[in-house]
file coords23.txt (compact mmCIF, C-alpha atoms)
# COMPACT_ATOMS: atom_id res chain seq x y z
CA MET A 181 27.44 57.49 -13.92
CA ARG A 182 23.95 59.02 -13.94
CA TYR A 183 21.44 56.34 -12.96
CA LEU A 184 24.11 53.64 -13.53
CA CYS A 185 23.43 51.85 -10.29
CA PHE A 186 19.69 51.97 -10.93
CA MET A 187 20.12 50.43 -14.36
CA ALA A 188 22.42 47.77 -12.95
CA ALA A 189 19.94 46.84 -10.24
CA LEU A 190 17.00 46.79 -12.64
CA GLY A 191 19.02 44.81 -15.16
CA VAL A 192 19.74 42.09 -12.63
CA MET A 193 16.11 42.00 -11.57
CA LEU A 194 14.76 41.78 -15.09
CA LEU A 195 17.15 39.19 -16.48
CA PRO A 196 15.30 36.20 -17.91
CA ALA A 197 14.74 33.81 -15.04
CA PRO A 198 16.33 30.37 -15.29
CA VAL A 199 14.07 27.40 -15.58
CA ALA A 200 13.80 26.95 -11.82
CA HIS A 201 10.28 25.62 -11.82
CA ALA A 202 8.86 22.35 -12.95
CA THR A 203 6.75 21.96 -16.07
CA ALA A 204 3.62 19.85 -16.07
CA ALA A 205 5.61 17.00 -17.63
CA ASP A 206 8.26 17.28 -14.91
CA ASP A 207 5.56 17.20 -12.23
CA THR A 208 4.04 14.05 -13.73
CA TYR A 209 7.44 12.36 -13.81
CA ILE A 210 8.22 13.40 -10.21
CA ALA A 211 4.83 12.10 -9.04
CA GLY A 212 5.45 8.68 -10.59
CA TYR A 213 9.04 8.51 -9.39
CA ALA A 214 8.07 9.58 -5.86
CA ALA A 215 5.30 6.99 -5.69
CA GLY A 216 7.81 4.32 -6.75
CA VAL A 217 10.33 5.40 -4.11
CA LEU A 218 7.72 5.23 -1.35
CA LYS A 219 6.50 1.83 -2.53
CA GLN A 220 9.98 0.33 -2.76
CA SER A 221 11.46 1.84 0.41
CA LEU A 222 8.49 1.96 2.80
CA ASN A 223 5.89 -0.25 1.10
CA LEU A 224 3.51 2.73 0.99
CA ASP A 225 0.94 2.85 -1.78
CA MET A 226 0.79 6.54 -2.80
CA ARG A 227 -0.50 6.47 -6.36
CA SER A 228 -2.32 9.79 -6.04
CA LEU A 229 0.56 12.06 -4.98
CA VAL A 230 -0.06 15.67 -5.97
CA VAL A 231 2.95 17.48 -7.47
CA ARG A 232 2.80 21.09 -8.63
CA ASP A 233 5.76 23.24 -9.67
CA GLY A 234 8.14 20.69 -8.19
CA VAL A 235 6.44 20.69 -4.78
CA VAL A 236 5.23 17.27 -3.60
CA THR A 237 2.19 17.21 -1.32
CA LEU A 238 2.25 14.17 0.93
CA PRO A 239 -1.04 13.09 2.59
CA THR A 240 -0.14 12.05 6.14
CA GLY A 241 -3.62 11.38 7.52
CA ASP A 242 -3.20 7.60 7.18
CA LEU A 243 0.52 7.44 8.06
CA LYS A 244 2.26 6.57 11.29
CA ALA A 245 4.62 9.26 12.59
CA ASP A 246 7.74 7.21 11.81
CA ASP A 247 6.60 6.44 8.25
CA ARG A 248 5.69 10.11 7.71
CA ASP A 249 9.14 11.36 8.73
CA LYS A 250 10.92 8.74 6.61
CA ALA A 251 8.69 9.54 3.62
CA VAL A 252 9.36 13.27 3.89
CA GLN A 253 13.10 12.70 4.00
CA LEU A 254 13.03 10.35 1.00
CA LEU A 255 10.90 12.70 -1.08
CA SER A 256 13.02 15.77 -0.30
CA GLU A 257 16.09 13.97 -1.69
CA ILE A 258 14.54 13.29 -5.12
CA PRO A 259 16.18 15.39 -7.90
CA GLY A 260 13.80 18.07 -9.14
CA VAL A 261 11.80 18.28 -5.91
CA ASN A 262 11.77 21.88 -4.67
CA ALA A 263 9.93 21.16 -1.44
CA VAL A 264 7.71 18.61 0.29
CA ARG A 265 4.42 19.81 1.74
CA THR A 266 2.76 17.57 4.30
CA SER A 267 -1.00 17.60 4.73
CA GLU A 268 -3.02 15.85 7.41
CA ALA A 269 -5.62 14.99 4.77
CA THR A 270 -5.98 11.41 3.60
CA SER A 271 -4.99 10.48 0.06
CA PRO A 272 -8.59 10.60 -1.34
CA GLN A 273 -9.23 13.95 0.37
CA LEU A 274 -6.03 15.38 -1.06
CA THR A 275 -6.95 14.32 -4.58
CA ALA A 276 -10.39 15.90 -4.23
CA ASP A 277 -8.87 19.17 -2.97
CA ALA A 278 -6.15 19.35 -5.63
CA THR A 279 -8.24 21.31 -8.11
CA LYS A 280 -9.56 23.66 -5.42
CA SER A 281 -6.04 24.56 -4.25
CA ALA A 282 -4.56 24.87 -7.74
CA ARG A 283 -4.50 28.66 -7.55
CA MET A 284 -2.72 28.82 -4.22
CA PRO A 285 1.08 29.17 -4.12
CA ALA A 286 2.71 25.78 -4.00
CA ASP A 287 5.52 26.96 -1.74
CA GLU A 288 3.22 28.50 0.90
CA ALA A 289 1.63 26.63 3.79
CA THR A 290 -2.04 27.65 3.72
CA SER A 291 -3.40 25.60 6.59
CA VAL A 292 -2.46 24.94 10.19
CA ASN A 293 -2.52 21.26 9.21
CA GLU A 294 0.13 21.68 6.51
CA SER A 295 3.86 22.35 6.60
CA ILE A 296 6.72 22.71 4.14
CA VAL A 297 9.92 20.64 4.21
CA LEU A 298 12.75 21.88 1.99
CA PRO A 299 15.61 19.95 0.34
CA THR A 300 18.64 19.25 2.56
CA GLY A 301 22.40 19.13 2.03
CA LEU A 302 24.98 21.59 0.71
CA LEU A 303 23.80 24.82 -0.97
CA PRO A 304 20.11 23.89 -0.85
CA THR A 305 17.31 25.86 -2.50
CA GLY A 306 14.82 28.01 -0.59
CA HIS A 307 14.96 29.58 2.88
CA LEU A 308 13.57 28.30 6.16
CA PHE A 309 12.99 31.87 7.33
CA LYS A 310 11.24 33.91 4.66
CA PRO A 311 12.43 37.45 3.80
CA LEU A 312 11.00 40.39 5.73
CA LEU A 313 9.22 42.30 2.99
CA ALA A 314 9.08 45.74 4.63
CA ASP A 315 12.43 45.72 6.49
CA PRO A 316 14.55 48.51 4.91
CA ARG A 317 17.72 46.56 5.70
CA TRP A 318 16.82 43.01 4.61
CA ALA A 319 19.48 41.90 2.10
CA HIS A 320 18.07 41.58 -1.44
CA PHE A 321 18.23 43.22 -4.87
CA SER A 322 16.14 46.37 -5.23
CA ALA A 323 15.84 49.78 -6.87
CA ALA A 324 13.47 52.45 -5.53
CA TYR A 325 12.58 56.11 -5.94
CA ARG A 326 11.82 57.94 -2.69
CA ASN A 327 10.38 61.42 -2.20
CA PHE A 328 11.40 62.84 1.17
CA GLN A 329 9.02 65.20 2.94
CA SER A 330 11.75 67.30 4.60
CA ASN A 331 15.21 68.71 3.81
CA ASN A 332 17.21 66.99 6.55
CA PHE A 333 18.55 64.17 4.36
CA ASP A 334 20.27 65.40 1.17
CA GLY A 335 17.70 66.50 -1.36
CA ARG A 336 14.11 65.40 -1.57
CA ASP A 337 14.35 63.05 -4.56
CA ILE A 338 16.42 60.05 -3.56
CA GLY A 339 17.22 56.91 -5.48
CA SER A 340 17.98 53.85 -3.35
CA VAL A 341 19.44 50.56 -4.51
CA SER A 342 20.47 47.42 -2.69
CA PHE A 343 22.45 44.35 -3.66
CA GLY A 344 22.52 41.27 -1.48
CA GLU A 345 21.18 37.87 -0.65
CA THR A 346 20.72 35.25 2.06
CA ILE A 347 22.66 32.14 1.03
CA PRO A 348 22.14 28.86 2.93
CA PHE A 349 25.33 26.79 2.93
CA TYR A 350 23.92 23.69 4.59
CA ARG A 351 20.51 22.40 5.67
CA SER A 352 19.48 19.31 7.59
CA ASN A 353 16.60 17.80 9.53
CA PHE A 354 16.55 17.41 13.30
CA GLY A 355 16.87 13.65 13.49
CA ARG A 356 14.02 11.97 11.60
CA SER A 357 11.56 14.78 12.27
CA SER A 358 10.31 17.28 9.69
CA ALA A 359 11.84 20.16 11.72
CA GLN A 360 14.87 21.62 9.92
CA TRP A 361 17.85 23.87 10.49
CA GLU A 362 20.24 25.66 8.16
CA ALA A 363 23.33 27.85 8.36
CA GLY A 364 24.75 30.31 5.88
CA LEU A 365 25.77 33.84 5.01
CA GLN A 366 23.69 37.00 4.59
CA ALA A 367 25.22 40.13 3.07
CA GLY A 368 23.91 43.34 1.56
CA VAL A 369 24.95 46.76 0.27
CA PHE A 370 22.46 49.66 0.56
CA SER A 371 23.14 52.95 -1.26
CA ASP A 372 21.28 56.28 -1.53
CA PHE A 373 21.72 58.77 -4.39
CA ASN A 374 20.64 62.42 -4.56
CA LEU A 375 18.74 62.65 -7.84
CA ASN A 376 18.55 66.45 -7.50
CA ALA A 377 22.34 66.77 -7.81
CA SER A 378 23.85 67.24 -11.27
CA SER A 379 25.55 63.83 -11.23
CA SER A 380 23.11 61.98 -8.94
CA ASP A 381 25.66 62.06 -6.13
CA LEU A 382 26.17 59.09 -3.86
CA VAL A 383 25.03 60.14 -0.39
CA ASN A 384 25.43 57.11 1.88
CA THR A 385 26.28 53.41 1.64
CA ASP A 386 25.75 50.81 4.33
CA PHE A 387 27.52 47.45 4.27
CA ILE A 388 26.02 44.57 6.25
CA VAL A 389 27.47 41.06 6.44
CA SER A 390 26.49 38.26 8.80
CA ALA A 391 26.73 34.58 9.58
CA TYR A 392 23.26 33.23 10.31
CA SER A 393 21.39 30.15 11.36
CA SER A 394 17.66 29.50 11.06
CA VAL A 395 15.22 26.76 12.06
CA ARG A 396 11.74 25.81 10.96
CA ALA A 397 9.09 23.50 12.40
CA GLY A 398 5.73 23.67 10.66
CA GLN A 399 4.58 27.28 10.55
CA PHE A 400 7.13 28.45 13.16
CA SER A 401 10.55 29.71 12.07
CA ALA A 402 13.45 31.54 13.71
CA PHE A 403 16.43 33.47 12.35
CA GLY A 404 19.52 34.42 14.34
CA ARG A 405 22.71 36.04 13.15
CA LEU A 406 26.05 37.56 14.15
CA PHE A 407 26.44 40.66 12.00
CA HIS A 408 28.69 43.59 11.14
CA GLN A 409 27.49 46.94 9.78
CA SER A 410 29.51 49.92 8.64
CA SER A 411 28.37 53.16 7.03
CA HIS A 412 30.17 55.44 4.55
CA LEU A 413 29.40 58.80 2.93
CA GLY A 414 29.87 59.48 -0.80
CA ASP A 415 32.78 61.65 -1.98
CA GLU A 416 30.58 64.16 -3.82
CA PHE A 417 28.38 64.54 -0.77
CA LEU A 418 31.40 65.23 1.45
CA LEU A 419 32.75 67.84 -0.97
CA ARG A 420 29.42 69.65 -1.00
CA GLN A 421 29.27 69.58 2.81
CA LEU A 422 32.72 71.08 3.48
CA THR A 423 31.21 74.38 4.54
CA SER A 424 28.15 72.95 6.25
CA LYS A 425 27.61 71.80 9.80
CA PHE A 426 27.06 68.14 8.88
CA GLU A 427 28.90 65.93 11.36
CA ARG A 428 30.35 62.78 9.87
CA VAL A 429 30.26 59.76 12.18
CA ASN A 430 32.59 56.79 11.85
CA LEU A 431 29.67 54.40 12.31
CA SER A 432 30.64 50.75 12.65
CA TYR A 433 29.45 48.00 14.94
CA GLU A 434 28.91 44.29 15.42
CA GLY A 435 25.84 42.73 16.95
CA VAL A 436 23.62 39.70 17.40
CA ASP A 437 19.91 39.47 16.75
CA LEU A 438 17.10 36.94 16.82
CA LYS A 439 13.75 37.01 15.04
CA LEU A 440 10.80 34.64 15.54
CA SER A 441 8.05 34.17 12.98
CA TYR A 442 4.71 32.36 12.77
CA GLU A 443 2.67 31.90 9.60
CA PHE A 444 -1.09 31.72 9.94
CA PRO A 445 -3.47 30.35 7.29
CA TYR A 446 -4.10 32.30 4.11
CA GLY A 447 -0.82 34.15 3.90
CA ILE A 448 -0.79 36.02 7.22
CA ARG A 449 2.51 36.20 9.09
CA LEU A 450 3.59 37.80 12.37
CA TYR A 451 7.19 38.18 13.54
CA GLY A 452 9.21 39.83 16.27
CA GLY A 453 12.62 39.89 17.88
CA GLY A 454 15.46 41.96 19.23
CA ALA A 455 19.13 42.85 18.78
CA GLY A 456 22.10 43.86 20.89
CA LEU A 457 25.29 45.60 19.76
CA PHE A 458 28.90 45.21 20.85
CA HIS A 459 32.23 46.64 19.65
CA ARG A 460 30.45 49.90 18.88
CA GLU A 461 31.89 52.98 17.20
CA PRO A 462 31.08 55.57 18.41
CA SER A 463 31.34 53.91 21.81
CA GLU A 464 28.40 55.85 23.25
CA LEU A 465 26.03 54.21 20.77
CA LYS A 466 23.30 52.51 22.80
CA ILE A 467 22.97 48.76 22.64
CA TRP A 468 19.41 47.50 22.39
CA SER A 469 16.66 47.48 19.76
CA VAL A 470 13.49 45.53 19.02
CA GLN A 471 11.77 44.73 15.73
CA TYR A 472 8.33 43.36 14.89
CA GLY A 473 5.83 43.34 12.07
CA MET A 474 3.21 41.59 10.02
CA GLU A 475 2.80 40.52 6.38
CA PHE A 476 0.06 39.35 4.08
CA ARG A 477 0.95 37.34 0.97
CA SER A 478 -2.26 36.61 -0.87
CA PRO A 479 -2.76 32.88 -1.48
CA TRP A 480 -4.89 33.83 -4.50
CA ARG A 481 -3.14 34.71 -7.73
CA LEU A 482 -4.47 37.04 -10.41
CA GLU A 483 -4.09 34.65 -13.31
CA PHE A 484 -4.01 37.22 -16.14
CA ALA A 485 -0.60 38.46 -14.95
CA SER A 486 0.57 35.63 -12.64
CA MET A 487 0.71 38.07 -9.73
CA ARG A 488 -0.59 38.21 -6.19
CA PRO A 489 -1.17 41.16 -3.78
CA ILE A 490 1.23 41.62 -0.84
CA ILE A 491 1.12 43.98 2.14
CA ALA A 492 3.75 44.34 4.87
CA ALA A 493 4.57 46.57 7.84
CA ASP A 494 7.81 46.60 9.85
CA VAL A 495 8.42 48.50 13.10
CA LYS A 496 11.71 49.10 14.93
CA ASN A 497 12.40 50.74 18.27
CA HIS A 498 15.99 51.69 19.15
CA GLU A 499 17.27 52.52 22.59
CA GLU A 500 19.52 55.05 20.83
CA ASN A 501 16.42 57.00 19.74
CA ASP A 502 14.57 56.75 23.07
CA TRP A 503 12.48 53.82 21.79
CA ASN A 504 10.64 55.95 19.23
CA TYR A 505 8.86 54.13 16.41
CA ASP A 506 10.50 53.64 13.00
CA VAL A 507 7.66 52.48 10.75
CA SER A 508 8.14 51.01 7.28
CA ALA A 509 5.06 49.99 5.26
CA ARG A 510 4.92 48.50 1.76
CA ALA A 511 2.12 47.24 -0.49
CA GLY A 512 2.01 46.01 -4.05
CA VAL A 513 2.11 42.86 -6.14
CA GLU A 514 4.43 39.92 -6.57
CA PHE A 515 4.99 38.40 -10.02
CA ASP A 516 5.77 34.78 -9.30
CA ASN A 517 5.28 33.54 -12.88
CA LEU A 518 4.31 30.11 -11.57
CA GLN A 519 7.80 29.64 -10.10
CA VAL A 520 8.60 27.95 -6.82
CA LEU A 521 11.53 28.92 -4.65
CA GLY A 522 12.96 30.79 -7.65
CA ARG A 523 13.10 34.44 -8.60
CA LYS A 524 10.24 36.63 -7.42
CA LEU A 525 9.83 40.21 -8.62
CA GLN A 526 7.80 42.58 -6.46
CA ILE A 527 6.59 46.08 -7.32
CA MET A 528 5.62 47.95 -4.17
CA GLY A 529 4.66 51.40 -3.03
CA GLU A 530 6.30 52.31 0.27
CA TYR A 531 6.05 54.70 3.18
CA TYR A 532 8.57 55.34 5.96
CA ASN A 533 8.37 57.51 9.07
CA GLY A 534 11.04 57.42 11.75
CA PHE A 535 14.75 57.84 12.25
CA SER A 536 16.67 57.25 9.05
CA PRO A 537 17.77 53.66 8.33
CA SER A 538 20.75 55.10 6.38
CA GLY A 539 23.63 54.71 8.80
CA GLN A 540 25.28 58.15 8.69
CA PHE A 541 21.88 59.80 9.18
CA TYR A 542 20.67 57.63 12.05
CA ARG A 543 20.07 60.72 14.22
CA GLU A 544 17.77 62.35 11.62
CA LYS A 545 13.99 61.94 11.65
CA VAL A 546 12.74 61.42 8.08
CA GLU A 547 9.52 60.70 6.25
CA TYR A 548 9.22 59.54 2.64
CA PHE A 549 6.92 57.98 0.06
CA GLY A 550 8.34 55.78 -2.67
CA LEU A 551 7.95 53.15 -5.35
CA GLY A 552 10.37 50.29 -5.78
CA ALA A 553 11.16 47.03 -7.55
CA HIS A 554 12.36 44.23 -5.27
CA TYR A 555 13.89 40.97 -6.40
CA PHE A 556 14.13 37.88 -4.22
CA PHE A 557 15.85 34.63 -5.22
call {"tool": "encode", "arguments": {"input": "coords23.txt", "output": "structure tokens"}}
result
Amino acid sequence: MRYLCFMAALGVMLLPAPVAHATAADDTYIAGYAAGVLKQSLNLDMRSLVVRDGVVTLPTGDLKADDRDKAVQLLSEIPGVNAVRTSEATSPQLTADATKSARMPADEATSVNESIVLPTGLLPTGHLFKPLLADPRWAHFSAAYRNFQSNNFDGRDIGSVSFGETIPFYRSNFGRSSAQWEAGLQAGVFSDFNLNASSSDLVNTDFIVSAYSSVRAGQFSAFGRLFHQSSHLGDEFLLRQLTSKFERVNLSYEGVDLKLSYEFPYGIRLYGGGAGLFHREPSELKIWSVQYGMEFRSPWRLEFASMRPIIAADVKNHEENDWNYDVSARAGVEFDNLQVLGRKLQIMGEYYNGFSPSGQFYREKVEYFGLGAHYFF
């Protein structure tokens, strides 16, 4: 079993990615097809539509509001279209800027005058609310090594893996506007292993499952959920602790939370929100917490490796811990391989200082440095 979970996580992350992105030929076909749809349905002459990696950029500078909303909806329903980006530029301006913006990520809004509209319907691609890169409990696939700076966890060399995803079941527009909403399921499993033990003992596993809904309008997005979390200790850890003073807690609770996010130009994002618990075990567990942070996803890609720098910081304050700061910071690179709304592998160094995010150890103050691979679909 030694390192089995690490190999499983890394194996999933490094599987050859499916062809989720458009080739140049696909983009050319989509551009012609989209122009034909707009001409036939709305009598709009859009011969110079820009399509890159399956993302259609629609110039709205010359369009009436009603025509713009109808055009966005028509384009988002075309097979092969991963997203529709609206730009307040006119068609000639957009064509002139196409080469300049070629190195920017097609699925990122890089201007206050641009927004992204994703495909609608059942099991759509993409997410209206983007993942929180530095949140230790955001559901995704990952494997990380962490070196703890104290002995109050269980060994100093800890391997952490997570398995999970945010799955939208249904997405739709609000009326004929470009604002959208979606609903789905988010679930994740987070496990810690003591690499100093002879068999890399399982220390703690947290299970989180939730029903969520999110909305997006331009650069603003929101994410709310009803969630359950429970925490469990590993058998080997319990056997080693029989003669110790470690106090096991039957930690389980349900809660609701809401996060708001705004994306500024050039990859800068700020977010914040709060959560409240109910049906708590132990019952004396305090209810409230807040969360906030910032991220930078570079709009400029390093072409030699198809990667871009990313930096993120996440802060949580829990009433349970007298509102002390739990700080998680990560920095590294994202290998997007020219894909849009597909698999994204990130390699990031990380730092954490605060009360442990691992459920059974929530009363323990910890500090660690680490390096991890993170995989987002």
call {"tool": "residues_around", "arguments": {"input": "coords23.txt", "residues": "A:Leu312", "least_positions_apart": "2", "cutoff": "9 Å", "atoms": "all atoms listed in the file", "output": "mmCIF file with C-alpha atoms, in the coordinates of the input"}}
result
data_model
loop_
_atom_site.group_PDB
_atom_site.id
_atom_site.type_symbol
_atom_site.label_atom_id
_atom_site.label_comp_id
_atom_site.auth_asym_id
_atom_site.auth_seq_id
_atom_site.Cartn_x
_atom_site.Cartn_y
_atom_site.Cartn_z
ATOM 1 C CA PHE A 309 12.990 31.870 7.330
ATOM 2 C CA LYS A 310 11.240 33.910 4.660
ATOM 3 C CA ALA A 314 9.080 45.740 4.630
ATOM 4 C CA ASP A 315 12.430 45.720 6.490
ATOM 5 C CA PRO A 316 14.550 48.510 4.910
ATOM 6 C CA TRP A 318 16.820 43.010 4.610
ATOM 7 C CA TYR A 451 7.190 38.180 13.540
ATOM 8 C CA GLY A 473 5.830 43.340 12.070
ATOM 9 C CA MET A 474 3.210 41.590 10.020
ATOM 10 C CA GLU A 475 2.800 40.520 6.380
ATOM 11 C CA ALA A 492 3.750 44.340 4.870
ATOM 12 C CA ASP A 494 7.810 46.600 9.850
#
call {"tool": "atom_distance", "arguments": {"input": "coords23.txt", "atom1": "atom CA of A:Ala323", "atom2": "atom CA of A:Leu303"}}
result
26.9 Å
call {"tool": "atom_distance", "arguments": {"input": "coords23.txt", "atom1": "atom CA of A:Asp502", "atom2": "atom CA of A:Gly454"}}
result
15.3 Å
call {"tool": "atom_distance", "arguments": {"input": "coords23.txt", "atom1": "atom CA of A:Val252", "atom2": "atom CA of A:Phe476"}}
result
27.7 Å
call {"tool": "closest_residue", "arguments": {"input": "coords23.txt", "among": "A:Glu257, A:Asp381, A:Asp242, A:Glu443", "to": "A:Leu419", "atoms": "only C-alpha atoms"}}
result
A:Asp381
call {"tool": "closest_residue", "arguments": {"input": "coords23.txt", "among": "A:Pro445, A:Gly335, A:Gly453, A:Gly368", "to": "A:His408", "atoms": "all atoms listed in the file"}}
result
A:Gly368
call {"tool": "closest_residue", "arguments": {"input": "coords23.txt", "among": "A:Gly404, A:Gly212, A:Gly260, A:Pro479", "to": "A:Leu438", "atoms": "only C-alpha atoms"}}
result
A:Gly404
call {"tool": "closest_residue", "arguments": {"input": "coords23.txt", "among": "A:Glu499, A:Gly512, A:Val261, A:Ser538", "to": "A:Phe370", "atoms": "only C-alpha atoms"}}
result
A:Ser538
call {"tool": "residues_near_point", "arguments": {"input": "coords23.txt", "point": "(24.5, 37.9, -5.8)", "cutoff": "9 Å", "atoms": "only C-alpha atoms", "output": "ChimeraX atom specification"}}
result
/A:320-321,343-345
call {"tool": "closest_residue", "arguments": {"input": "coords23.txt", "among": "A:Ala391, A:Ala214, A:Val264, A:Ala324", "to": "A:Ser295", "atoms": "all atoms listed in the file"}}
result
A:Val264
call {"tool": "closest_residue", "arguments": {"input": "coords23.txt", "among": "A:Val546, A:Leu406, A:Ala493, A:Ala363", "to": "A:Leu302", "atoms": "all atoms listed in the file"}}
result
A:Ala363
call {"tool": "build_atoms", "arguments": {"input": "coords23.txt", "residues": "stretch 353-365 of chain A", "atoms": "N, CA and C atoms", "output": "PDB file, in the coordinates of the input"}}
result
ATOM      1  N   ASN A 353      17.737  18.025   8.636  1.00  0.00           N
ATOM      2  CA  ASN A 353      16.600  17.800   9.530  1.00  0.00           C
ATOM      3  C   ASN A 353      17.105  17.537  10.940  1.00  0.00           C
ATOM      4  N   PHE A 354      16.262  17.817  11.935  1.00  0.00           N
ATOM      5  CA  PHE A 354      16.550  17.410  13.300  1.00  0.00           C
ATOM      6  C   PHE A 354      16.148  15.938  13.432  1.00  0.00           C
ATOM      7  N   GLY A 355      17.148  15.079  13.405  1.00  0.00           N
ATOM      8  CA  GLY A 355      16.870  13.650  13.490  1.00  0.00           C
ATOM      9  C   GLY A 355      15.999  13.197  12.324  1.00  0.00           C
ATOM     10  N   ARG A 356      14.953  12.445  12.626  1.00  0.00           N
ATOM     11  CA  ARG A 356      14.020  11.970  11.600  1.00  0.00           C
ATOM     12  C   ARG A 356      12.755  12.810  11.544  1.00  0.00           C
ATOM     13  N   SER A 357      12.746  13.925  12.257  1.00  0.00           N
ATOM     14  CA  SER A 357      11.560  14.780  12.270  1.00  0.00           C
ATOM     15  C   SER A 357      11.536  15.660  11.020  1.00  0.00           C
ATOM     16  N   SER A 358      10.423  16.353  10.819  1.00  0.00           N
ATOM     17  CA  SER A 358      10.310  17.280   9.690  1.00  0.00           C
ATOM     18  C   SER A 358      10.826  18.672  10.064  1.00  0.00           C
ATOM     19  N   ALA A 359      11.218  18.893  11.325  1.00  0.00           N
ATOM     20  CA  ALA A 359      11.840  20.160  11.720  1.00  0.00           C
ATOM     21  C   ALA A 359      13.227  20.256  11.094  1.00  0.00           C
ATOM     22  N   GLN A 360      13.608  21.455  10.640  1.00  0.00           N
ATOM     23  CA  GLN A 360      14.870  21.620   9.920  1.00  0.00           C
ATOM     24  C   GLN A 360      15.675  22.794  10.447  1.00  0.00           C
ATOM     25  N   TRP A 361      16.973  22.759  10.171  1.00  0.00           N
ATOM     26  CA  TRP A 361      17.850  23.870  10.490  1.00  0.00           C
ATOM     27  C   TRP A 361      18.785  24.124   9.312  1.00  0.00           C
ATOM     28  N   GLU A 362      19.272  25.336   9.205  1.00  0.00           N
ATOM     29  CA  GLU A 362      20.240  25.660   8.160  1.00  0.00           C
ATOM     30  C   GLU A 362      21.198  26.725   8.672  1.00  0.00           C
ATOM     31  N   ALA A 363      22.332  26.831   8.029  1.00  0.00           N
ATOM     32  CA  ALA A 363      23.330  27.850   8.360  1.00  0.00           C
ATOM     33  C   ALA A 363      23.886  28.413   7.069  1.00  0.00           C
ATOM     34  N   GLY A 364      24.236  29.709   7.101  1.00  0.00           N
ATOM     35  CA  GLY A 364      24.750  30.310   5.880  1.00  0.00           C
ATOM     36  C   GLY A 364      25.239  31.723   6.100  1.00  0.00           C
ATOM     37  N   LEU A 365      25.245  32.477   5.019  1.00  0.00           N
ATOM     38  CA  LEU A 365      25.770  33.840   5.010  1.00  0.00           C
ATOM     39  C   LEU A 365      24.708  34.778   4.462  1.00  0.00           C
TER      40      LEU A 365
END
